[in-house]
Structure formats: C-alpha cells, structure tokens
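One file, data14.csv, is given below (CSV, C-alpha atoms).
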```csv
chain,number,residue,atom,x,y,z
A,1,MET,CA,-4.7,10.6,31.4
A,2,SER,CA,-4.2,7.0,32.3
A,3,PRO,CA,-3.5,4.1,29.9
A,4,SER,CA,-6.8,2.8,28.7
A,5,ALA,CA,-8.0,-0.8,28.4
A,6,HIS,CA,-8.7,-0.4,24.7
A,7,PRO,CA,-6.7,1.6,22.2
A,8,HIS,CA,-8.3,5.0,21.3
A,9,ARG,CA,-8.1,7.1,18.1
A,10,VAL,CA,-4.3,7.6,17.5
A,11,LEU,CA,-2.8,10.2,15.3
A,12,ILE,CA,-0.1,8.9,13.0
A,13,GLU,CA,2.9,11.1,12.1
A,14,ALA,CA,5.1,9.8,9.3
A,15,CYS,CA,8.7,10.9,9.0
A,16,VAL,CA,9.5,11.5,5.3
A,17,ASP,CA,12.3,12.9,3.2
A,18,SER,CA,10.8,13.0,-0.3
A,19,VAL,CA,7.6,13.8,-2.2
A,20,ARG,CA,7.3,10.1,-3.1
A,21,SER,CA,7.5,9.1,0.6
A,22,ALA,CA,5.0,11.8,1.5
A,23,GLN,CA,2.6,10.5,-1.0
A,24,ALA,CA,3.0,7.0,0.3
A,25,ALA,CA,2.4,8.1,3.8
A,26,LEU,CA,-0.8,9.8,2.8
A,27,GLU,CA,-1.9,6.7,0.8
A,28,GLY,CA,-1.2,4.5,3.8
A,29,GLY,CA,-3.3,6.7,6.1
A,30,ALA,CA,-0.9,9.0,7.9
A,31,ASP,CA,-2.4,12.1,9.5
A,32,ARG,CA,0.7,14.4,9.6
A,33,LEU,CA,4.2,14.5,8.2
A,34,GLU,CA,7.5,15.3,9.8
A,35,LEU,CA,9.7,16.5,7.0
A,36,CYS,CA,13.5,15.8,7.3
A,37,SER,CA,16.5,15.3,5.0
A,38,GLY,CA,19.5,13.2,5.8
A,39,LEU,CA,17.6,10.4,7.7
A,40,LEU,CA,20.8,8.3,7.7
A,41,GLU,CA,22.0,11.0,10.1
A,42,ALA,CA,18.8,10.8,12.1
A,43,GLY,CA,17.5,13.8,10.2
A,44,VAL,CA,18.5,17.4,9.4
A,45,THR,CA,16.6,20.4,8.2
A,46,PRO,CA,15.1,19.9,4.7
A,47,SER,CA,15.3,22.4,1.9
A,48,LEU,CA,12.6,25.0,1.3
A,49,GLY,CA,12.2,23.6,-2.2
A,50,LEU,CA,11.4,20.2,-0.8
A,51,LEU,CA,8.9,21.6,1.7
A,52,GLU,CA,7.1,23.6,-1.0
A,53,ALA,CA,7.0,20.6,-3.3
A,54,ILE,CA,5.5,18.4,-0.6
A,55,ARG,CA,2.9,21.0,0.4
A,56,THR,CA,1.9,21.2,-3.3
A,57,ALA,CA,1.7,17.4,-3.7
A,58,VAL,CA,0.2,16.3,-0.4
A,59,ALA,CA,-2.7,17.7,1.6
A,60,LEU,CA,-1.3,16.9,5.0
A,61,PRO,CA,0.1,19.2,7.7
A,62,VAL,CA,3.9,19.3,7.6
A,63,PHE,CA,6.1,19.7,10.6
A,64,VAL,CA,9.6,20.6,9.7
A,65,LEU,CA,12.7,19.3,11.5
A,66,ILE,CA,15.1,22.1,12.5
A,67,ARG,CA,18.5,20.5,12.9
A,68,PRO,CA,21.5,22.1,11.2
A,69,ARG,CA,23.7,18.9,11.2
A,70,GLY,CA,24.0,15.4,12.3
A,71,GLY,CA,25.7,14.4,15.6
A,72,ASP,CA,25.0,15.8,19.0
A,73,PHE,CA,22.6,18.6,20.0
A,74,LEU,CA,25.2,20.9,21.5
A,75,TYR,CA,25.1,24.0,19.2
A,76,ASP,CA,27.3,27.0,18.8
A,77,PRO,CA,26.0,30.6,18.1
A,78,HIS,CA,26.4,30.2,14.3
A,79,GLU,CA,24.3,27.1,14.3
A,80,VAL,CA,21.6,28.7,16.5
A,81,ALA,CA,21.4,31.7,14.1
A,82,ALA,CA,21.0,29.2,11.2
A,83,MET,CA,18.2,27.4,13.0
A,84,ILE,CA,16.4,30.6,13.7
A,85,ARG,CA,16.6,31.5,10.0
A,86,ASP,CA,15.4,28.1,9.0
A,87,ILE,CA,12.4,28.4,11.4
A,88,GLN,CA,11.5,31.8,9.9
A,89,ARG,CA,11.7,30.5,6.4
A,90,ALA,CA,9.8,27.3,7.1
A,91,LYS,CA,7.0,29.4,8.6
A,92,THR,CA,6.9,31.6,5.5
A,93,ALA,CA,6.8,28.5,3.3
A,94,GLY,CA,3.8,27.1,5.1
A,95,ALA,CA,5.1,24.7,7.7
A,96,ALA,CA,2.3,23.6,10.1
A,97,GLY,CA,4.8,23.1,13.0
A,98,VAL,CA,8.5,22.7,13.8
A,99,VAL,CA,10.5,20.1,15.5
A,100,LEU,CA,13.5,21.2,17.5
A,101,GLY,CA,15.7,20.9,20.6
A,102,ALA,CA,19.1,21.8,22.1
A,103,LEU,CA,21.1,20.3,24.9
A,104,THR,CA,23.9,21.4,27.2
A,105,ALA,CA,27.2,19.5,27.5
A,106,LYS,CA,25.9,18.0,30.8
A,107,GLY,CA,22.9,16.4,29.1
A,108,GLU,CA,20.2,18.8,30.1
A,109,VAL,CA,17.9,20.9,28.0
A,110,ASP,CA,19.6,24.1,26.9
A,111,ARG,CA,16.9,26.5,28.1
A,112,SER,CA,18.4,29.6,26.5
A,113,ILE,CA,18.8,28.2,23.0
A,114,THR,CA,15.6,26.1,23.1
A,115,GLN,CA,13.6,29.1,24.3
A,116,ARG,CA,15.0,31.3,21.4
A,117,LEU,CA,14.0,28.6,18.9
A,118,ILE,CA,10.5,28.3,20.5
A,119,ASP,CA,10.0,32.0,20.4
A,120,ALA,CA,11.0,32.1,16.7
A,121,ALA,CA,8.5,29.3,15.9
A,122,ARG,CA,5.5,30.7,17.6
A,123,PRO,CA,2.6,30.7,17.0
A,124,LEU,CA,3.3,27.3,15.3
A,125,PRO,CA,3.2,24.2,17.5
A,126,VAL,CA,6.6,23.0,18.7
A,127,THR,CA,7.8,19.4,19.1
A,128,PHE,CA,10.9,18.7,21.2
A,129,HIS,CA,12.6,15.9,19.3
A,130,ARG,CA,14.5,12.8,20.4
A,131,ALA,CA,17.2,14.9,21.9
A,132,PHE,CA,15.0,14.1,24.9
A,133,ASP,CA,16.2,10.5,24.7
A,134,LEU,CA,19.8,11.6,25.2
A,135,THR,CA,19.2,13.6,28.4
A,136,ARG,CA,20.6,12.7,31.8
A,137,ASP,CA,17.4,12.8,33.8
A,138,PRO,CA,14.1,12.2,31.9
A,139,ASP,CA,11.9,13.4,34.7
A,140,GLU,CA,13.8,16.7,35.1
A,141,THR,CA,13.8,17.1,31.3
A,142,LEU,CA,10.1,16.6,31.0
A,143,GLU,CA,9.5,19.1,33.8
A,144,THR,CA,11.6,21.7,32.0
A,145,LEU,CA,9.8,21.2,28.7
A,146,MET,CA,6.5,21.5,30.5
A,147,GLU,CA,7.6,24.8,32.0
A,148,MET,CA,8.7,25.9,28.5
A,149,SER,CA,5.2,25.0,27.1
A,150,VAL,CA,6.3,22.8,24.3
A,151,ASP,CA,3.4,21.2,22.5
A,152,ARG,CA,4.9,17.7,22.0
A,153,VAL,CA,7.8,15.5,23.1
A,154,LEU,CA,9.0,12.9,20.7
A,155,THR,CA,10.5,10.0,22.5
A,156,SER,CA,11.3,6.3,22.5
A,157,GLY,CA,11.3,6.3,26.3
A,158,GLN,CA,15.1,6.6,26.3
A,159,ALA,CA,15.4,3.1,24.8
A,160,PRO,CA,16.4,1.8,21.4
A,161,THR,CA,12.7,1.5,20.5
A,162,ALA,CA,9.4,2.8,21.9
A,163,TRP,CA,8.4,-0.8,22.6
A,164,ASP,CA,11.5,-1.2,24.8
A,165,GLY,CA,10.9,2.2,26.4
A,166,GLN,CA,7.2,1.7,27.1
A,167,ALA,CA,7.5,2.0,30.9
A,168,LEU,CA,9.0,5.5,30.7
A,169,ILE,CA,6.5,6.5,28.0
A,170,ARG,CA,3.6,5.4,30.2
A,171,ALA,CA,5.1,7.3,33.1
A,172,MET,CA,5.4,10.4,31.0
A,173,VAL,CA,1.8,10.2,29.7
A,174,GLU,CA,0.6,10.0,33.3
A,175,ALA,CA,2.8,12.9,34.4
A,176,VAL,CA,1.7,15.4,31.8
A,177,ASP,CA,-2.0,14.7,31.8
A,178,GLY,CA,-2.3,15.6,28.1
A,179,THR,CA,0.0,18.6,27.8
A,180,PRO,CA,2.5,18.3,26.2
A,181,VAL,CA,1.4,15.4,24.0
A,182,ILE,CA,3.8,12.5,24.3
A,183,LEU,CA,4.6,11.4,20.8
A,184,ALA,CA,5.9,7.8,20.8
A,185,GLY,CA,8.5,7.0,18.1
A,186,GLY,CA,11.3,4.6,17.4
A,187,GLY,CA,10.9,1.2,15.8
A,188,ILE,CA,7.1,1.4,15.6
A,189,ALA,CA,5.7,-1.6,13.8
A,190,ALA,CA,2.4,-3.2,13.2
A,191,PRO,CA,2.8,-6.4,15.4
A,192,HIS,CA,3.2,-4.4,18.6
A,193,VAL,CA,1.7,-0.9,18.0
A,194,ARG,CA,-1.8,-1.7,19.4
A,195,GLU,CA,-0.4,-3.1,22.6
A,196,LEU,CA,2.1,-0.2,22.9
A,197,VAL,CA,-0.8,2.3,22.7
A,198,ARG,CA,-2.9,0.3,25.2
A,199,VAL,CA,0.0,0.1,27.7
A,200,THR,CA,1.2,3.6,27.4
A,201,GLY,CA,-1.9,5.6,26.7
A,202,VAL,CA,-0.3,7.7,23.9
A,203,THR,CA,-2.6,9.4,21.5
A,204,GLU,CA,0.0,10.0,18.8
A,205,ILE,CA,2.8,7.9,17.2
A,206,HIS,CA,5.7,8.7,15.0
A,207,LEU,CA,7.0,6.3,12.4
A,208,ARG,CA,9.2,5.9,9.3
A,209,GLY,CA,7.4,2.9,7.8
A,210,ALA,CA,10.2,2.5,5.3
A,211,THR,CA,11.4,-0.2,2.9
A,212,VAL,CA,14.7,-0.4,1.1
A,213,THR,CA,14.3,0.5,-2.6
A,214,ALA,CA,16.9,-0.2,-5.3
A,215,SER,CA,18.1,2.7,-7.5
A,216,GLU,CA,16.8,2.8,-11.1
A,217,MET,CA,20.2,3.6,-12.3
A,218,ILE,CA,21.3,1.3,-15.1
A,219,PHE,CA,25.0,2.4,-15.2
A,220,ARG,CA,26.6,2.0,-11.9
A,221,ARG,CA,30.2,3.0,-11.1
A,222,PRO,CA,31.7,0.4,-8.7
A,223,GLY,CA,34.1,1.2,-6.0
A,224,ILE,CA,33.3,4.9,-5.5
A,225,PRO,CA,31.2,5.4,-2.4
A,226,LEU,CA,29.9,9.0,-2.1
A,227,GLY,CA,29.2,8.7,1.6
A,228,LYS,CA,31.2,7.4,4.5
A,229,PRO,CA,30.2,4.4,6.5
A,230,PRO,CA,27.7,3.6,7.9
A,231,GLU,CA,25.7,5.6,5.3
A,232,GLY,CA,25.7,2.6,2.9
A,233,ASP,CA,25.2,2.0,-0.7
A,234,THR,CA,24.8,4.9,-3.2
A,235,TYR,CA,22.4,2.7,-5.2
A,236,ILE,CA,19.8,2.0,-2.6
A,237,ARG,CA,17.5,4.2,-0.5
A,238,ALA,CA,14.9,3.9,2.1
A,239,GLU,CA,11.4,5.2,1.3
A,240,THR,CA,8.2,5.3,3.2
A,241,SER,CA,6.0,2.4,2.2
A,242,ALA,CA,2.2,2.9,1.9
A,243,ASP,CA,1.7,-0.7,2.8
A,244,ARG,CA,3.7,-0.5,6.0
A,245,VAL,CA,1.8,2.6,7.1
A,246,ARG,CA,-1.5,0.9,6.2
A,247,GLN,CA,-0.6,-2.1,8.3
A,248,ILE,CA,-0.1,0.1,11.3
A,249,VAL,CA,-3.4,1.8,10.7
A,250,ALA,CA,-5.1,-1.6,10.4
A,251,ALA,CA,-3.4,-2.9,13.6
A,252,LEU,CA,-4.6,0.2,15.5
A,253,ASN,CA,-8.1,-0.4,14.3
A,254,GLY,CA,-8.0,-4.0,15.4
A,255,SER,CA,-7.8,-5.5,11.9
A,256,GLY,CA,-4.1,-6.2,11.7
A,257,ASP,CA,-1.8,-8.8,13.3
A,258,GLU,CA,-2.1,-9.5,17.0
A,259,PRO,CA,0.4,-7.7,19.2
A,260,ARG,CA,3.3,-9.7,20.4
```
In structure tokens, write the structure found in this file.
Amino acid sequence: MSPSAHPHRVLIEACVDSVRSAQAALEGGADRLELCSGLLEAGVTPSLGLLEAIRTAVALPVFVLIRPRGGDFLYDPHEVAAMIRDIQRAKTAGAAGVVLGALTAKGEVDRSITQRLIDAARPLPVTFHRAFDLTRDPDETLETLMEMSVDRVLTSGQAPTAWDGQALIRAMVEAVDGTPVILAGGGIAAPHVRELVRVTGVTEIHLRGATVTASEMIFRRPGIPLGKPPEGDTYIRAETSADRVRQIVAALNGSGDEPR
C-alpha cells in the first residue's frame, strides 16, 4: 500500500489506564483501547480487576499491554514466566488482543522469548510494542516480525514522535503491504494527524490524548513524595480527554485544524 493523496478511514487506538479514561476515549470517538498501568513508566501490565471493570463499563475492544516492569525490554526467565501467566489470564478475562515484545542485549528482537509470548497469546491478535523503536536496525527488526507473523507494529518511526519519524513509518508501510499493520504512535496531535496519515499511509494510529487533572484531595501532606523523580506530583494525574480524542477524529475527517 502506498501513501494516498487523501486520508482514508483511520482506526484510533487510545492508550488508557483507568475506567474514566476509557469512557473518555469512547466518548471522543476511539475505536479500540490499549490498556496499561504505570504510564509514567511508559506502561506496565494492568490488573485483571481493571481489565474486567473496563470491559464492563466500555463497549470497545481492549488490547492489554504485557510488560512486567518499566525500564528496558531485556527479560529474565522469571519475568518471561510472569508475562506468559499475564497473557493467559488476560485472555480468560476477555482481552481482545495483547501488546508485547522482548529484545536481546544487542538491540535485536529476542526471537525465542517473543515467540513464546506470541504462542501464549494466540489466537488473539498480537501487537509488537515500541520496543521496536529501541532496536538497532529497523529494517531487520521489521523483517523478523513479519516472519513471526505479528499482527501490528506500534512505532514512532524510531524518533521522539511519529511526526518526526514519518519517513521511516512511510517506508515500513510500503514494505509490509498491509501485513502487519503499522500502528503509528507517539505525540499524535490534531494539528498534524491528517498530514501524518496522508504522508505515511497508515490505517491505524495510537494516542494518549491526555490532559493533566488535579487531585480532588482536600487534605494534602506536603513534602512526602510517594514516587521518585521524574514521576512527579502525587496530587496530579494525566487522564484521557474526550475533547482531545474528538479533535483528532475531527482533524482526520477534515473538519479540524489544518495540519502544520
């Protein structure tokens, strides 16, 4: 598939970490959810209770992130065993797909671990997450993932944002010819999303669409941070904004701001 002259119908996946964010994503027009916890660590596996609560509250397919901790994607046998258990339980709890990945110390896809995770996930669709963006050779990585028959690859084009990485994303879309789906994510915003889709030819985008929300706590104990830097203030949190998702939907439909 080559990049088209005019944006086509684009599926919007919203990354959420709460029922309230999931409801906002639905209200804003998202088509699918990626469910995580610990988004200040770029996401870790959510609890089964949260998955079940979101499936009860929101009628959207939920892809579950499988990541046992923050940091790198170099996993030991205990972490692999935990990820396999998490996949099995997410499937039982009604996940519509899983999001996973593992790397070697040399910055390549860890074929052995990733294949074990894929096998545990089937028949659910599998997204290889942004570990892709930390690999040494994106062409070699994409070829490996095609051989492993992953369904999607989430990427910012090995750049800080998908806008910055659009050249690699476009090359990936052209290389795969539709399979796997190239899911563009990283700094997606309304002013540039239509142009990003036009240039790259992606059919799916991944976004957070968050705003900072102040805690409703009245009593606040100063000087006792519960997290370590750069996690930030205990009394603020980022939540998905229905308005931000809606703005992206409008921009994709040609009724939002002009792309920059």
With range 64-74 of chain A as the partner and 10 Å as the cut-off, tabulate the residues of range 95-161 of chain A that qualify, each row holding the nearest pair of atoms and their distance in Å to one decimal, using only C-alpha atoms, sorted by chain and rising number, as JSON lines.
```
{"residue": "A:Ala95", "atom": "CA", "partner": "A:Val64", "partner_atom": "CA", "distance": 6.4}
{"residue": "A:Ala96", "atom": "CA", "partner": "A:Val64", "partner_atom": "CA", "distance": 7.9}
{"residue": "A:Gly97", "atom": "CA", "partner": "A:Val64", "partner_atom": "CA", "distance": 6.3}
{"residue": "A:Val98", "atom": "CA", "partner": "A:Val64", "partner_atom": "CA", "distance": 4.7}
{"residue": "A:Val99", "atom": "CA", "partner": "A:Leu65", "partner_atom": "CA", "distance": 4.6}
{"residue": "A:Leu100", "atom": "CA", "partner": "A:Ile66", "partner_atom": "CA", "distance": 5.3}
{"residue": "A:Gly101", "atom": "CA", "partner": "A:Phe73", "partner_atom": "CA", "distance": 7.3}
{"residue": "A:Ala102", "atom": "CA", "partner": "A:Phe73", "partner_atom": "CA", "distance": 5.2}
{"residue": "A:Leu103", "atom": "CA", "partner": "A:Leu74", "partner_atom": "CA", "distance": 5.4}
{"residue": "A:Thr104", "atom": "CA", "partner": "A:Leu74", "partner_atom": "CA", "distance": 5.9}
{"residue": "A:Ala105", "atom": "CA", "partner": "A:Leu74", "partner_atom": "CA", "distance": 6.5}
{"residue": "A:Lys106", "atom": "CA", "partner": "A:Leu74", "partner_atom": "CA", "distance": 9.8}
{"residue": "A:Gly107", "atom": "CA", "partner": "A:Leu74", "partner_atom": "CA", "distance": 9.1}
{"residue": "A:Val109", "atom": "CA", "partner": "A:Phe73", "partner_atom": "CA", "distance": 9.6}
{"residue": "A:Asp110", "atom": "CA", "partner": "A:Leu74", "partner_atom": "CA", "distance": 8.4}
{"residue": "A:Ile113", "atom": "CA", "partner": "A:Leu74", "partner_atom": "CA", "distance": 9.8}
{"residue": "A:Leu117", "atom": "CA", "partner": "A:Ile66", "partner_atom": "CA", "distance": 9.2}
{"residue": "A:Val126", "atom": "CA", "partner": "A:Val64", "partner_atom": "CA", "distance": 9.8}
{"residue": "A:Thr127", "atom": "CA", "partner": "A:Leu65", "partner_atom": "CA", "distance": 9.0}
{"residue": "A:Phe128", "atom": "CA", "partner": "A:Leu65", "partner_atom": "CA", "distance": 9.9}
{"residue": "A:His129", "atom": "CA", "partner": "A:Leu65", "partner_atom": "CA", "distance": 8.5}
{"residue": "A:Arg130", "atom": "CA", "partner": "A:Phe73", "partner_atom": "CA", "distance": 10.0}
{"residue": "A:Ala131", "atom": "CA", "partner": "A:Phe73", "partner_atom": "CA", "distance": 6.8}
{"residue": "A:Leu134", "atom": "CA", "partner": "A:Asp72", "partner_atom": "CA", "distance": 9.1}
```
* Structure fact -> Val80 in chain A proximity check over A:Ile118, A:Ile54, A:Ala167, A:Val19, using only C-alpha atoms: winner is A:Ile118
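One finds CA of Arg116 in chain A at 28.7 Å from CA of Arg208 in chain A.
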* To do: For Val10 in chain A, please output as number ranges by chain all residues within 10 Å (counting all atoms listed in the file; exclusion window: fewer than 6 positions along the same chain).
  => A: 31, 194, 197, 201-205, 249, 252-253
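Separating CA of Asp164 in chain A from CA of Pro125 in chain A is a distance of 27.7 Å.
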* To do: Mind checking which residues fall within 10 Å of Gly94 in chain A, counting only C-alpha atoms, ignoring those fewer than 3 positions away in the same chain, and posting them as a list in words?
  =>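 Non-adjacent residues within range: Leu48, Leu51, Glu52, Arg55, Pro61, Val62, Phe63, Val64, Arg89, Ala90, Lys91 and Gly97 of chain A.
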* Skipping near chain neighbours, those fewer than 4 positions away, what residues fall within 8 Å of Leu33 in chain A using only C-alpha atoms, listed as a ChimeraX atom specification? -> /A:13-16,22,25,60-63
